[in-house]
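So this block is upload.txt, compact mmCIF, C-alpha atoms:
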# COMPACT_ATOMS: atom_id res chain seq x y z
CA MET A 1 13.08 -7.31 5.30
CA LYS A 2 10.15 -9.62 4.76
CA LEU A 3 8.32 -10.45 1.52
CA SER A 4 4.56 -9.94 1.22
CA VAL A 5 1.99 -9.25 -1.50
CA ILE A 6 -1.35 -7.52 -1.97
CA THR A 7 -3.38 -10.64 -2.70
CA ASP A 8 -5.73 -9.28 -5.38
CA GLU A 9 -2.70 -8.33 -7.49
CA ILE A 10 -2.08 -12.08 -7.86
CA ALA A 11 -5.70 -13.11 -8.35
CA ASP A 12 -9.19 -11.99 -7.46
CA ASP A 13 -9.67 -15.41 -5.85
CA LEU A 14 -8.01 -15.41 -2.44
CA GLN A 15 -7.20 -19.11 -2.47
CA THR A 16 -5.28 -18.77 -5.74
CA ALA A 17 -3.38 -15.81 -4.31
CA LEU A 18 -2.48 -17.70 -1.13
CA GLN A 19 -1.25 -20.67 -3.15
CA VAL A 20 1.19 -18.42 -5.01
CA ALA A 21 2.21 -16.63 -1.82
CA ARG A 22 2.98 -19.96 -0.17
CA GLU A 23 5.34 -20.85 -3.04
CA PHE A 24 7.54 -17.95 -1.94
CA GLY A 25 7.47 -18.62 1.78
CA ILE A 26 5.31 -15.59 2.50
CA GLU A 27 3.95 -15.66 6.04
CA ARG A 28 1.73 -12.55 6.03
CA VAL A 29 -0.22 -11.03 3.15
CA GLU A 30 -1.88 -7.69 2.56
CA LEU A 31 -5.64 -7.61 1.89
CA ARG A 32 -7.44 -5.12 -0.37
CA THR A 33 -10.22 -6.89 -2.27
CA LEU A 34 -11.68 -10.34 -1.66
CA TRP A 35 -13.46 -12.03 -4.58
CA GLY A 36 -14.12 -8.66 -6.18
CA VAL A 37 -15.32 -6.90 -3.01
CA ASN A 38 -13.23 -4.25 -1.29
CA ILE A 39 -12.12 -5.18 2.23
CA ALA A 40 -13.88 -2.08 3.58
CA GLN A 41 -17.24 -3.23 2.21
CA ALA A 42 -17.02 -7.01 2.51
CA ASP A 43 -19.78 -8.64 4.54
CA GLU A 44 -19.21 -10.87 7.55
CA ALA A 45 -19.51 -14.08 5.55
CA THR A 46 -16.80 -12.94 3.14
CA LEU A 47 -14.49 -11.92 5.96
CA ARG A 48 -14.99 -15.25 7.74
CA ARG A 49 -14.36 -17.15 4.51
CA ALA A 50 -11.11 -15.23 4.04
CA LYS A 51 -10.01 -15.82 7.63
CA SER A 52 -10.69 -19.54 7.32
CA LEU A 53 -8.57 -19.73 4.16
CA LEU A 54 -5.74 -17.84 5.80
CA GLN A 55 -5.81 -20.28 8.70
CA ASP A 56 -5.79 -23.22 6.28
CA TYR A 57 -2.65 -21.84 4.64
CA GLY A 58 -1.03 -20.89 7.94
CA MET A 59 -0.80 -17.22 6.96
CA GLY A 60 -1.46 -13.97 8.74
CA VAL A 61 -2.24 -10.45 7.55
CA CYS A 62 0.42 -7.73 7.70
CA ALA A 63 -1.84 -4.86 6.57
CA LEU A 64 -5.25 -3.87 5.26
CA ALA A 65 -5.04 -1.71 2.11
CA THR A 66 -8.18 0.35 2.72
CA PRO A 67 -9.63 3.33 0.79
CA VAL A 68 -9.91 5.58 3.87
CA PHE A 69 -9.54 9.27 2.91
CA LYS A 70 -9.66 8.50 -0.81
CA THR A 71 -12.24 11.22 -1.28
CA ASP A 72 -12.45 14.84 -2.35
CA LEU A 73 -11.44 17.60 0.04
CA PHE A 74 -9.93 20.20 -2.29
CA GLY A 75 -12.13 20.22 -5.38
CA ALA A 76 -9.99 17.77 -7.34
CA SER A 77 -11.01 17.24 -10.96
CA GLU A 78 -9.65 13.68 -11.24
CA ARG A 79 -9.91 10.46 -9.26
CA GLY A 80 -7.58 7.54 -8.79
CA PRO A 81 -8.41 3.81 -8.62
CA MET A 82 -10.75 2.64 -5.86
CA HIS A 83 -10.17 -1.13 -6.24
CA ALA A 84 -13.83 -2.13 -6.08
CA ALA A 85 -14.64 0.30 -3.24
CA GLN A 86 -17.40 2.87 -3.45
CA GLU A 87 -16.10 6.36 -2.80
CA ALA A 88 -17.53 7.73 0.43
CA ASP A 89 -18.00 11.42 1.18
CA LEU A 90 -16.14 13.31 3.88
CA ALA A 91 -18.79 12.73 6.53
CA ALA A 92 -18.45 8.96 6.09
CA GLN A 93 -14.66 8.80 6.39
CA LEU A 94 -14.25 8.45 10.15
CA PRO A 95 -17.02 5.85 10.45
CA LEU A 96 -15.33 4.04 7.54
CA LEU A 97 -12.03 4.20 9.40
CA GLN A 98 -13.65 2.79 12.54
CA HIS A 99 -15.07 -0.11 10.54
CA CYS A 100 -11.71 -0.81 8.89
CA LEU A 101 -10.01 -0.84 12.28
CA GLU A 102 -12.56 -3.42 13.44
CA VAL A 103 -11.82 -5.54 10.36
CA ALA A 104 -8.10 -5.21 11.11
CA ALA A 105 -8.71 -6.52 14.61
CA PHE A 106 -10.66 -9.44 13.14
CA PHE A 107 -7.63 -10.41 11.04
CA ASP A 108 -5.08 -9.43 13.72
CA ALA A 109 -3.60 -6.99 11.20
CA PRO A 110 -1.27 -4.43 12.80
CA LEU A 111 -1.61 -1.72 10.13
CA VAL A 112 -4.41 -0.02 8.19
CA ARG A 113 -3.36 1.89 5.07
CA ILE A 114 -4.94 5.33 4.54
CA PHE A 115 -4.55 8.23 2.10
CA ALA A 116 -4.59 12.03 1.99
CA PHE A 117 -7.52 12.92 -0.30
CA TRP A 118 -7.60 13.37 -4.07
CA ARG A 119 -4.82 15.48 -5.51
CA ALA A 120 -5.72 19.01 -6.61
CA GLY A 121 -2.25 20.49 -7.09
CA ALA A 122 0.73 21.30 -4.93
CA LEU A 123 0.74 20.58 -1.20
CA ILE A 124 0.32 24.22 -0.26
CA PRO A 125 0.09 25.21 3.43
CA GLU A 126 -3.70 25.57 3.36
CA ARG A 127 -4.11 22.00 2.09
CA GLU A 128 -1.53 20.65 4.47
CA THR A 129 -3.36 22.23 7.41
CA GLN A 130 -6.63 20.55 6.43
CA ILE A 131 -4.95 17.17 5.95
CA LEU A 132 -3.27 17.45 9.34
CA GLY A 133 -6.62 18.24 10.92
CA TRP A 134 -8.19 15.07 9.53
CA LEU A 135 -5.21 12.94 10.52
CA GLU A 136 -5.31 14.36 14.04
CA ARG A 137 -8.97 13.34 14.22
CA ALA A 138 -8.12 9.84 12.96
CA ILE A 139 -5.28 9.06 15.37
CA PRO A 140 -7.48 8.55 18.48
CA TYR A 141 -9.47 5.91 16.61
CA ALA A 142 -6.24 4.01 15.97
CA GLU A 143 -5.09 4.44 19.56
CA ARG A 144 -8.31 2.98 20.92
CA ALA A 145 -8.10 0.06 18.49
CA GLY A 146 -4.40 -0.58 19.07
CA VAL A 147 -3.85 -0.59 15.29
CA VAL A 148 -1.38 1.66 13.46
CA LEU A 149 -2.44 3.90 10.56
CA GLY A 150 -0.12 3.90 7.55
CA LEU A 151 -0.35 7.00 5.34
CA GLU A 152 0.66 6.07 1.78
CA ASN A 153 2.16 8.39 -0.78
CA GLU A 154 -0.28 7.90 -3.67
CA HIS A 155 0.23 9.82 -6.93
CA SER A 156 -3.49 10.51 -7.31
CA CYS A 157 -3.69 11.88 -3.75
CA GLN A 158 -2.49 15.08 -2.11
CA VAL A 159 0.43 13.29 -0.44
CA GLY A 160 2.03 11.64 -3.45
CA THR A 161 5.80 11.71 -2.97
CA GLY A 162 8.24 10.77 -0.25
CA ALA A 163 8.98 14.45 0.32
CA GLU A 164 5.27 15.18 0.80
CA LEU A 165 4.92 12.17 3.10
CA ALA A 166 7.77 13.48 5.26
CA GLN A 167 6.34 17.00 5.16
CA VAL A 168 3.03 15.85 6.65
CA LEU A 169 4.21 13.15 9.05
CA GLY A 170 6.94 15.46 10.35
CA LYS A 171 4.19 17.69 11.74
CA LEU A 172 2.60 14.86 13.74
CA ASN A 173 4.16 12.80 16.48
CA SER A 174 2.19 9.64 17.16
CA PRO A 175 3.27 5.99 17.19
CA TYR A 176 -0.16 5.27 15.68
CA LEU A 177 0.54 7.14 12.43
CA VAL A 178 3.42 6.01 10.20
CA GLY A 179 4.38 6.08 6.53
CA VAL A 180 3.68 3.57 3.76
CA TRP A 181 6.38 4.18 1.15
CA ASP A 182 5.54 3.47 -2.50
CA PRO A 183 8.41 4.28 -4.89
CA GLY A 184 6.19 3.48 -7.89
CA ASN A 185 3.71 6.19 -6.94
CA ALA A 186 6.55 8.65 -6.36
CA PHE A 187 7.95 7.75 -9.80
CA VAL A 188 4.68 8.74 -11.47
CA LEU A 189 5.12 12.24 -10.01
CA GLY A 190 8.77 12.46 -11.08
CA GLU A 191 10.46 11.75 -7.74
CA SER A 192 13.30 9.21 -7.65
CA ALA A 193 13.09 6.26 -5.29
CA GLN A 194 16.36 7.25 -3.64
CA ALA A 195 15.37 10.87 -3.00
CA GLY A 196 11.87 10.00 -1.84
CA PHE A 197 13.04 7.33 0.58
CA ASP A 198 15.77 9.60 1.95
CA ALA A 199 13.04 12.08 2.89
CA ALA A 200 10.42 9.61 4.15
CA GLN A 201 12.68 6.99 5.77
CA PRO A 202 12.30 8.16 9.40
CA TYR A 203 8.56 7.53 9.15
CA VAL A 204 8.39 4.42 6.93
CA ARG A 205 7.00 1.24 8.50
CA HIS A 206 5.60 -0.50 5.40
CA ILE A 207 6.63 -0.53 1.73
CA HIS A 208 4.78 -1.29 -1.51
CA ILE A 209 6.77 -2.49 -4.52
CA LYS A 210 5.90 -2.04 -8.20
CA ASP A 211 8.07 -1.08 -11.17
CA ALA A 212 7.48 1.11 -14.22
CA VAL A 213 8.98 2.70 -17.31
CA ARG A 214 8.36 6.22 -18.56
CA GLN A 215 6.82 6.29 -22.03
CA PRO A 216 7.82 8.86 -24.68
CA ASP A 217 4.55 10.73 -24.07
CA GLY A 218 5.33 10.98 -20.34
CA SER A 219 2.87 8.32 -19.23
CA VAL A 220 3.88 5.34 -17.12
CA ARG A 221 3.71 1.66 -18.04
CA TRP A 222 3.93 -0.90 -15.23
CA VAL A 223 6.43 -3.73 -15.72
CA VAL A 224 7.89 -6.69 -13.86
CA VAL A 225 9.91 -5.62 -10.82
CA GLY A 226 13.53 -5.02 -11.80
CA GLN A 227 12.74 -4.38 -15.47
CA GLY A 228 11.73 -0.75 -15.08
CA ASP A 229 13.25 2.65 -14.41
CA ILE A 230 12.85 2.78 -10.64
CA GLY A 231 16.19 1.07 -10.02
CA TYR A 232 15.32 -1.54 -7.44
CA ARG A 233 18.83 -3.03 -7.25
CA ASP A 234 20.10 0.20 -5.75
CA HIS A 235 16.88 1.00 -3.92
CA PHE A 236 16.75 -2.32 -2.05
CA GLN A 237 20.35 -1.73 -1.01
CA GLN A 238 19.35 1.72 0.23
CA ILE A 239 16.43 0.25 2.18
CA ALA A 240 18.66 -2.45 3.66
CA ARG A 241 21.27 0.14 4.76
CA SER A 242 18.53 2.10 6.53
CA GLY A 243 17.93 -0.83 8.88
CA TYR A 244 14.37 -1.36 7.69
CA THR A 245 13.03 -4.74 8.85
CA GLY A 246 9.39 -4.49 7.79
CA TYR A 247 7.47 -5.86 4.81
CA LEU A 248 8.15 -5.33 1.12
CA SER A 249 4.65 -5.89 -0.24
CA LEU A 250 4.33 -6.57 -3.96
CA GLU A 251 1.67 -4.54 -5.77
CA THR A 252 2.22 -6.18 -9.17
CA HIS A 253 0.37 -3.75 -11.50
CA ALA A 254 2.33 -5.14 -14.50
CA ARG A 255 0.43 -6.83 -17.29
CA ILE A 256 1.92 -9.24 -19.84
CA GLU A 257 -0.25 -10.22 -22.79
CA GLY A 258 -1.15 -13.90 -22.66
CA LEU A 259 -0.08 -14.41 -19.06
CA PRO A 260 -2.42 -14.61 -16.05
CA GLN A 261 -1.74 -12.19 -13.23
CA ALA A 262 -0.64 -15.07 -11.00
CA GLU A 263 2.25 -15.79 -13.38
CA VAL A 264 3.19 -12.12 -13.74
CA SER A 265 3.19 -11.86 -9.95
CA ARG A 266 5.41 -14.95 -9.72
CA GLN A 267 7.92 -13.26 -12.00
CA CYS A 268 7.83 -10.16 -9.79
CA LEU A 269 8.24 -12.17 -6.58
CA GLN A 270 11.13 -14.15 -8.04
CA ALA A 271 12.85 -10.92 -9.04
CA MET A 272 12.20 -9.39 -5.62
CA GLN A 273 13.67 -12.40 -3.83
CA HIS A 274 16.79 -12.23 -5.98
CA LEU A 275 17.23 -8.47 -5.53
CA ILE A 276 16.61 -8.65 -1.78
CA GLU A 277 19.18 -11.43 -1.41
CA GLN A 278 21.69 -9.30 -3.30
CA ALA A 279 20.88 -6.26 -1.17
CA THR A 280 21.20 -8.12 2.12
CA GLY A 281 23.95 -10.55 1.26
CA GLY A 282 21.49 -13.41 1.71
CA LYS A 283 20.84 -12.54 5.36
Just dump the structure as structure tokens.
Amino acid sequence: MKLSVITDEIADDLQTALQVAREFGIERVELRTLWGVNIAQADEATLRRAKSLLQDYGMGVCALATPVFKTDLFGASERGPMHAAQEADLAAQLPLLQHCLEVAAFFDAPLVRIFAFWRAGALIPERETQILGWLERAIPYAERAGVVLGLENEHSCQVGTGAELAQVLGKLNSPYLVGVWDPGNAFVLGESAQAGFDAAQPYVRHIHIKDAVRQPDGSVRWVVVGQGDIGYRDHFQQIARSGYTGYLSLETHARIEGLPQAEVSRQCLQAMQHLIEQATGGK
């Protein structure tokens, strides 16, 4: 297992984020926003500036965290975070995907994260069929680009749990469509990390890490990794036993009053390193 981080969770400034990442021996980072602009909408000058910085720090990119398919298909009444992206309508999604695949090639990133539309209730067969149709249309774009699509379980989207991720990916058989497992998102919807990963594990090729506690009113508060209710000591052991050798990418989310996000992220990365060493016996 390899440590990574979504850079804008450390700092909006990419150089600051790369400085922190270098402290932890991270070799590849995940890109989502660059200086306040979403990766899907950054202009050429911004992309070249980012690539130059990455080269200066000797780092690569393990994934692009794009907003592809974060749009309404089922008449959802709520939206999730867009991370500086402008929501595009259905007709714009495949052109957006094509552009993101081109950006991935520019950064030599092997994976582009995608979603399964805003959540409007249970993953009933009719919704599943429509999602599968869109994913089937997306796969040839990935094949032509030689870049893998990673479908993330996102609590604000129609595929929000590990069980739902397995349900959808189990219907498709392409090396160009895999799972991005996020136990924090599953936790929001009431699924345990252990149960969700058991279901999704055959399809998981990338993992996001954030921790949370459940508040008395049922809401979720994000905390430093290892200090929440997800149970990362056991979960990292479970991941290690599965034979997973991909990235564990920090998505900090936690906020601590008086501390900059870079310092909160350092605390998370330190905790992750310790827990991973325990899970793997230091290997």
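As for atom CA of A:Thr245 and atom CA of A:Ala193, they are spaced 17.9 Å apart.
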Which residue, A:Ile26, A:Met1, A:Leu31, A:Ala212, has the smallest gap to A:Ala240 when you use all atoms listed in the file?
-> A:Met1
Pick out the closest residue to A:Ala65 from this set: A:Arg137, A:Arg32, A:Arg144, A:Arg22. Count only C-alpha atoms.
->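 Checking each of A:Arg137, A:Arg32, A:Arg144, A:Arg22 against A:Ala65, counting only C-alpha atoms, the winner is A:Arg32.
Remark: for A:Met82, the closest of the candidate residues A:Gly60, A:Gly133, A:Pro110, A:Pro67 is A:Pro67 (distances computed over all atoms listed in the file).
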Using only C-alpha atoms, determine which residues lie at most 10 Å from A:His235, disregarding the query and same-chain residues fewer than 6 positions distant; provide the list as a VMD selection string.
-> chain A and resid 183 192 to 194 197 241 275 to 276 279
Have a look at A:Val168, A:Leu64, A:Val180, A:Leu269 and name the one nearest to A:Thr129; count only C-alpha atoms.
->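 Looking at the shortest contact to A:Thr129, the residue is A:Val168.
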d(atom CA of A:Leu123, atom CA of A:Arg79) in Å =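 Distance reported for this atom pair: 16.8 Å.
Counting all atoms listed in the file and comparing A:Tyr141, A:Gly226, A:Gln261, A:Gly170, the residue that lies closest to A:His274 is A:Gly226.
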Enter the distance from atom CA of A:Trp118 to atom CA of A:His99, in Å, rounded to one decimal.
-> 21.2 Å
Just the residues within 8 Å of A:Ala84, please, counting all atoms listed in the file, with nothing from its chain fewer than 2 positions along; format it as a ChimeraX atom specification.
-> /A:33,36-38,82,86
Tell me which of A:Ser242, A:Gln158, A:Gln98, A:Ser265 sits closest to A:Ile209, counting only C-alpha atoms.
->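 Smallest distance to A:Ile209 is found for A:Ser265.
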List the neighbours of A:His253 out to 12 Å using all atoms listed in the file; skip same-chain residues closer than 6 positions along the sequence, and give me the result as a list in words.
->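 Here the qualifying residues turn out to be Val5, Ile6, Thr7, Asp8, Glu9, Ile10, Ala11, Pro81, Gly184, Asn185, His208, Ile209, Lys210, Asp211, Ala212, Val220, Arg221, Trp222, Val223, Val224, Val225, Gln261, Ala262, Val264, Ser265 and Cys268 of chain A.
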Supply stretch 13-24 of chain A as a PDB file, keeping the file's coordinate frame, with all heavy atoms built in where the input has gaps.
ATOM      1  N   ASP A  13      -9.335 -14.292  -6.746  1.00  0.00           N
ATOM      2  CA  ASP A  13      -9.670 -15.410  -5.850  1.00  0.00           C
ATOM      3  C   ASP A  13      -8.597 -15.529  -4.781  1.00  0.00           C
ATOM      4  O   ASP A  13      -7.415 -15.758  -5.083  1.00  0.00           O
ATOM      5  CB  ASP A  13      -9.769 -16.699  -6.651  1.00  0.00           C
ATOM      6  CG  ASP A  13      -9.999 -17.912  -5.760  1.00  0.00           C
ATOM      7  OD1 ASP A  13     -11.067 -17.981  -5.118  1.00  0.00           O
ATOM      8  OD2 ASP A  13      -9.090 -18.768  -5.687  1.00  0.00           O
ATOM      9  N   LEU A  14      -8.992 -15.416  -3.529  1.00  0.00           N
ATOM     10  CA  LEU A  14      -8.010 -15.410  -2.440  1.00  0.00           C
ATOM     11  C   LEU A  14      -7.245 -16.721  -2.363  1.00  0.00           C
ATOM     12  O   LEU A  14      -6.035 -16.720  -2.104  1.00  0.00           O
ATOM     13  CB  LEU A  14      -8.699 -15.116  -1.112  1.00  0.00           C
ATOM     14  CG  LEU A  14      -7.766 -15.052   0.110  1.00  0.00           C
ATOM     15  CD1 LEU A  14      -6.724 -13.950  -0.037  1.00  0.00           C
ATOM     16  CD2 LEU A  14      -8.569 -14.852   1.400  1.00  0.00           C
ATOM     17  N   GLN A  15      -7.900 -17.834  -2.574  1.00  0.00           N
ATOM     18  CA  GLN A  15      -7.200 -19.110  -2.470  1.00  0.00           C
ATOM     19  C   GLN A  15      -6.066 -19.204  -3.502  1.00  0.00           C
ATOM     20  O   GLN A  15      -4.964 -19.654  -3.177  1.00  0.00           O
ATOM     21  CB  GLN A  15      -8.164 -20.288  -2.629  1.00  0.00           C
ATOM     22  CG  GLN A  15      -7.469 -21.637  -2.420  1.00  0.00           C
ATOM     23  CD  GLN A  15      -8.454 -22.769  -2.230  1.00  0.00           C
ATOM     24  OE1 GLN A  15      -9.658 -22.603  -2.354  1.00  0.00           O
ATOM     25  NE2 GLN A  15      -7.943 -23.946  -1.914  1.00  0.00           N
ATOM     26  N   THR A  16      -6.329 -18.771  -4.724  1.00  0.00           N
ATOM     27  CA  THR A  16      -5.280 -18.770  -5.740  1.00  0.00           C
ATOM     28  C   THR A  16      -4.117 -17.894  -5.311  1.00  0.00           C
ATOM     29  O   THR A  16      -2.942 -18.265  -5.456  1.00  0.00           O
ATOM     30  CB  THR A  16      -5.835 -18.264  -7.080  1.00  0.00           C
ATOM     31  OG1 THR A  16      -6.908 -19.107  -7.504  1.00  0.00           O
ATOM     32  CG2 THR A  16      -4.762 -18.230  -8.149  1.00  0.00           C
ATOM     33  N   ALA A  17      -4.427 -16.724  -4.760  1.00  0.00           N
ATOM     34  CA  ALA A  17      -3.380 -15.810  -4.310  1.00  0.00           C
ATOM     35  C   ALA A  17      -2.554 -16.431  -3.187  1.00  0.00           C
ATOM     36  O   ALA A  17      -1.317 -16.312  -3.168  1.00  0.00           O
ATOM     37  CB  ALA A  17      -4.003 -14.502  -3.841  1.00  0.00           C
ATOM     38  N   LEU A  18      -3.208 -17.097  -2.255  1.00  0.00           N
ATOM     39  CA  LEU A  18      -2.480 -17.700  -1.130  1.00  0.00           C
ATOM     40  C   LEU A  18      -1.615 -18.866  -1.603  1.00  0.00           C
ATOM     41  O   LEU A  18      -0.523 -19.094  -1.057  1.00  0.00           O
ATOM     42  CB  LEU A  18      -3.465 -18.166  -0.064  1.00  0.00           C
ATOM     43  CG  LEU A  18      -4.278 -17.052   0.622  1.00  0.00           C
ATOM     44  CD1 LEU A  18      -5.186 -17.649   1.693  1.00  0.00           C
ATOM     45  CD2 LEU A  18      -3.380 -15.980   1.221  1.00  0.00           C
ATOM     46  N   GLN A  19      -2.069 -19.586  -2.609  1.00  0.00           N
ATOM     47  CA  GLN A  19      -1.250 -20.670  -3.150  1.00  0.00           C
ATOM     48  C   GLN A  19       0.058 -20.135  -3.712  1.00  0.00           C
ATOM     49  O   GLN A  19       1.128 -20.698  -3.480  1.00  0.00           O
ATOM     50  CB  GLN A  19      -2.035 -21.413  -4.243  1.00  0.00           C
ATOM     51  CG  GLN A  19      -3.168 -22.280  -3.708  1.00  0.00           C
ATOM     52  CD  GLN A  19      -4.067 -22.826  -4.815  1.00  0.00           C
ATOM     53  OE1 GLN A  19      -4.021 -22.374  -5.963  1.00  0.00           O
ATOM     54  NE2 GLN A  19      -4.907 -23.794  -4.471  1.00  0.00           N
ATOM     55  N   VAL A  20      -0.022 -19.036  -4.461  1.00  0.00           N
ATOM     56  CA  VAL A  20       1.190 -18.420  -5.010  1.00  0.00           C
ATOM     57  C   VAL A  20       2.062 -17.867  -3.884  1.00  0.00           C
ATOM     58  O   VAL A  20       3.280 -18.061  -3.877  1.00  0.00           O
ATOM     59  CB  VAL A  20       0.832 -17.318  -6.018  1.00  0.00           C
ATOM     60  CG1 VAL A  20       2.089 -16.572  -6.473  1.00  0.00           C
ATOM     61  CG2 VAL A  20       0.102 -17.905  -7.225  1.00  0.00           C
ATOM     62  N   ALA A  21       1.445 -17.188  -2.934  1.00  0.00           N
ATOM     63  CA  ALA A  21       2.210 -16.630  -1.820  1.00  0.00           C
ATOM     64  C   ALA A  21       2.973 -17.717  -1.070  1.00  0.00           C
ATOM     65  O   ALA A  21       4.132 -17.537  -0.675  1.00  0.00           O
ATOM     66  CB  ALA A  21       1.282 -15.872  -0.873  1.00  0.00           C
ATOM     67  N   ARG A  22       2.331 -18.859  -0.885  1.00  0.00           N
ATOM     68  CA  ARG A  22       2.980 -19.960  -0.170  1.00  0.00           C
ATOM     69  C   ARG A  22       4.214 -20.470  -0.917  1.00  0.00           C
ATOM     70  O   ARG A  22       5.198 -20.874  -0.292  1.00  0.00           O
ATOM     71  CB  ARG A  22       1.984 -21.096   0.059  1.00  0.00           C
ATOM     72  CG  ARG A  22       2.550 -22.231   0.917  1.00  0.00           C
ATOM     73  CD  ARG A  22       1.468 -23.168   1.405  1.00  0.00           C
ATOM     74  NE  ARG A  22       0.758 -23.813   0.301  1.00  0.00           N
ATOM     75  CZ  ARG A  22      -0.254 -24.679   0.492  1.00  0.00           C
ATOM     76  NH1 ARG A  22      -0.682 -24.948   1.726  1.00  0.00           N
ATOM     77  NH2 ARG A  22      -0.854 -25.239  -0.542  1.00  0.00           N
ATOM     78  N   GLU A  23       4.186 -20.422  -2.250  1.00  0.00           N
ATOM     79  CA  GLU A  23       5.340 -20.850  -3.040  1.00  0.00           C
ATOM     80  C   GLU A  23       6.598 -20.052  -2.687  1.00  0.00           C
ATOM     81  O   GLU A  23       7.723 -20.552  -2.843  1.00  0.00           O
ATOM     82  CB  GLU A  23       5.062 -20.677  -4.533  1.00  0.00           C
ATOM     83  CG  GLU A  23       3.984 -21.586  -5.091  1.00  0.00           C
ATOM     84  CD  GLU A  23       3.645 -21.220  -6.529  1.00  0.00           C
ATOM     85  OE1 GLU A  23       4.473 -20.534  -7.182  1.00  0.00           O
ATOM     86  OE2 GLU A  23       2.546 -21.607  -6.998  1.00  0.00           O
ATOM     87  N   PHE A  24       6.412 -18.835  -2.221  1.00  0.00           N
ATOM     88  CA  PHE A  24       7.540 -17.950  -1.940  1.00  0.00           C
ATOM     89  C   PHE A  24       7.807 -17.786  -0.445  1.00  0.00           C
ATOM     90  O   PHE A  24       8.544 -16.893  -0.031  1.00  0.00           O
ATOM     91  CB  PHE A  24       7.302 -16.588  -2.604  1.00  0.00           C
ATOM     92  CG  PHE A  24       7.350 -16.668  -4.107  1.00  0.00           C
ATOM     93  CD1 PHE A  24       6.208 -16.988  -4.832  1.00  0.00           C
ATOM     94  CD2 PHE A  24       8.534 -16.473  -4.785  1.00  0.00           C
ATOM     95  CE1 PHE A  24       6.246 -17.105  -6.219  1.00  0.00           C
ATOM     96  CE2 PHE A  24       8.583 -16.578  -6.159  1.00  0.00           C
ATOM     97  CZ  PHE A  24       7.438 -16.898  -6.883  1.00  0.00           C
TER      98      PHE A  24
END
